[in-house]
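Some notes on the structure that comes next.
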Amino acid sequence: MNDNEEPPITIITGRVWRQKGDDSLGVHILLRAPDDDSAVRTALEALAREGYAEAELDRIGELEGEPDEEPHLSAYQGAVEGEVAIVTFDEPF
């Protein structure tokens, strides 16, 4: 990446809890960050601002293009615009 190029969109996957002892939700976090450490730190700060008490992050990677379907398409657009986009979903048992 050269100095004029934006960092790619990073996706972080894991689980979050509103309160200790609650059922977990799956989470996908999309954002731009210069490196993995910054991405994780920014994601955890965003989750805390949104009221999540706990987070367990499993994977981090770069998206290889725009997603085809919602809600990830809107989350991707938000990340392109500089937002930290949080997508939560019920985890299958």
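Quick note on naming: the chains in the structure tokens go A, B, ... in the order shown, residues restart at 1 in each chain, and ligands are numbered from 1 in order of appearance.
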Find the residues around Arg41 (chain A) up to 12 Å (only C-alpha atoms counted), leave out those fewer than 5 positions away in its own chain, and share them as a JSON list (two decimals) with C-alpha atoms, in the first residue's frame.
```
[["chain", "number", "residue", "atom", "x", "y", "z"],
["A", 12, "ILE", "CA", -13.46, -8.95, 12.46],
["A", 29, "ILE", "CA", -17.30, -5.62, 12.51],
["A", 31, "LEU", "CA", -13.84, -0.85, 9.46],
["A", 32, "ARG", "CA", -10.74, 0.74, 7.96],
["A", 33, "ALA", "CA", -7.55, 0.59, 10.00],
["A", 34, "PRO", "CA", -3.83, 0.81, 9.20],
["A", 35, "ASP", "CA", -3.05, -2.53, 10.90],
["A", 36, "ASP", "CA", -4.65, -5.43, 12.78],
["A", 46, "ALA", "CA", -16.88, 0.84, 19.26],
["A", 47, "LEU", "CA", -18.46, -2.20, 20.92],
["A", 48, "ALA", "CA", -18.05, -0.60, 24.35],
["A", 55, "ALA", "CA", -16.48, -9.43, 23.36],
["A", 57, "LEU", "CA", -13.03, -11.79, 18.73],
["A", 84, "VAL", "CA", -17.07, 1.31, 12.38]]
```
Residues at most 10 Å from Arg59 (chain A), counting only C-alpha atoms, excluding those fewer than 2 positions away in the same chain, as a compact mmCIF listing (two decimals) with C-alpha atoms, in the first residue's frame?
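Generated output (part_26.txt):
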```txt
# COMPACT_ATOMS: atom_id res chain seq x y z
CA ILE A 11 -13.63 -7.59 8.93
CA ILE A 12 -13.46 -8.95 12.46
CA THR A 13 -15.72 -11.81 13.54
CA GLY A 14 -16.61 -13.06 16.99
CA HIS A 28 -19.10 -8.94 12.26
CA GLU A 56 -14.64 -12.48 22.10
CA LEU A 57 -13.03 -11.79 18.73
CA GLY A 61 -9.06 -10.35 7.69
```
DSSP on the backbone: which residues in chain A end up as strand (DSSP E or B)? Give the answer as number ranges by chain.
A: 9-17, 25-32, 54-62, 85-90
Applying 12 Å and only C-alpha atoms, which residues near Gly51 (chain A) remain after dropping the ones on its own chain fewer than 2 positions away? List them as a ChimeraX atom specification.
/A:16-20,44-49,53-55
Can you pull out the residues contacting Thr88 (chain A)? Cut-off 8 Å, using only C-alpha atoms, and skip same-chain residues under 4 positions away; I want them as an NGL selection string.
:A and (25-28)
Alpha helix (DSSP H) per DSSP on the backbone: members of region 4-90 of chain A, as a list in words:
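Alpha helix (DSSP H) assignments inside region 4-90 of chain A correspond to Asp36, Asp37, Ser38, Ala39, Val40, Arg41, Thr42, Ala43, Leu44, Glu45, Ala46, Leu47, Ala48, Arg49, His72, Leu73, Ser74, Ala75, Tyr76, Gln77, Gly78, Ala79 and Val80 of chain A.
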So that I have them on file, write out the residues from the current selection with N, CA and C atoms, as a CSV table (one decimal), in the first residue's frame.
```csv
chain,number,residue,atom,x,y,z
A,36,ASP,N,-3.8,-4.6,12.0
A,36,ASP,CA,-4.6,-5.4,12.8
A,36,ASP,C,-4.8,-5.0,14.2
A,37,ASP,N,-3.7,-4.5,14.9
A,37,ASP,CA,-3.8,-4.1,16.3
A,37,ASP,C,-4.7,-2.9,16.4
A,38,SER,N,-4.6,-1.9,15.5
A,38,SER,CA,-5.5,-0.7,15.5
A,38,SER,C,-6.9,-1.1,15.2
A,39,ALA,N,-7.1,-2.1,14.3
A,39,ALA,CA,-8.5,-2.5,14.0
A,39,ALA,C,-9.1,-3.1,15.2
A,40,VAL,N,-8.4,-4.0,15.9
A,40,VAL,CA,-9.0,-4.7,17.1
A,40,VAL,C,-9.3,-3.6,18.2
A,41,ARG,N,-8.4,-2.7,18.4
A,41,ARG,CA,-8.6,-1.7,19.4
A,41,ARG,C,-9.8,-0.8,19.1
A,42,THR,N,-9.9,-0.4,17.8
A,42,THR,CA,-11.0,0.4,17.4
A,42,THR,C,-12.3,-0.3,17.5
A,43,ALA,N,-12.3,-1.6,17.1
A,43,ALA,CA,-13.5,-2.4,17.2
A,43,ALA,C,-14.0,-2.6,18.6
A,44,LEU,N,-13.1,-2.8,19.6
A,44,LEU,CA,-13.4,-3.0,21.0
A,44,LEU,C,-14.0,-1.7,21.5
A,45,GLU,N,-13.4,-0.6,21.2
A,45,GLU,CA,-13.9,0.7,21.6
A,45,GLU,C,-15.3,1.0,21.1
A,46,ALA,N,-15.6,0.6,19.8
A,46,ALA,CA,-16.9,0.8,19.3
A,46,ALA,C,-17.9,-0.1,19.9
A,47,LEU,N,-17.5,-1.3,20.2
A,47,LEU,CA,-18.5,-2.2,20.9
A,47,LEU,C,-18.8,-1.7,22.3
A,48,ALA,N,-17.8,-1.2,23.0
A,48,ALA,CA,-18.0,-0.6,24.4
A,48,ALA,C,-19.0,0.6,24.3
A,49,ARG,N,-18.8,1.5,23.3
A,49,ARG,CA,-19.7,2.6,23.1
A,49,ARG,C,-21.1,2.2,22.8
A,72,HIS,N,-24.5,-6.7,5.3
A,72,HIS,CA,-23.1,-6.4,5.1
A,72,HIS,C,-22.8,-5.4,4.0
A,73,LEU,N,-23.7,-5.3,3.0
A,73,LEU,CA,-23.4,-4.2,2.0
A,73,LEU,C,-23.5,-2.8,2.6
A,74,SER,N,-24.5,-2.6,3.4
A,74,SER,CA,-24.6,-1.3,4.1
A,74,SER,C,-23.4,-1.1,5.1
A,75,ALA,N,-23.0,-2.1,5.8
A,75,ALA,CA,-21.9,-2.0,6.7
A,75,ALA,C,-20.6,-1.7,6.0
A,76,TYR,N,-20.4,-2.3,4.8
A,76,TYR,CA,-19.3,-2.1,4.0
A,76,TYR,C,-19.2,-0.6,3.5
A,77,GLN,N,-20.4,-0.1,3.1
A,77,GLN,CA,-20.4,1.3,2.7
A,77,GLN,C,-20.1,2.2,3.8
A,78,GLY,N,-20.6,1.9,5.0
A,78,GLY,CA,-20.3,2.7,6.2
A,78,GLY,C,-18.8,2.7,6.5
A,79,ALA,N,-18.2,1.5,6.4
A,79,ALA,CA,-16.7,1.4,6.6
A,79,ALA,C,-15.9,2.2,5.6
A,80,VAL,N,-16.4,2.2,4.3
A,80,VAL,CA,-15.7,2.9,3.3
A,80,VAL,C,-15.7,4.4,3.7
```
Provide the CA of Ile86 (chain A) to CA of Ser24 (chain A) distance in Å, to one decimal place.
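So the answer is 14.5 Å.
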Select, from A:Glu5, A:Ala85, A:Arg15, A:Leu30, the residue with the minimum atom-to-atom distance to Glu62 (chain A), counting only C-alpha atoms.
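Under the stated criterion, the closest residue is A:Leu30.
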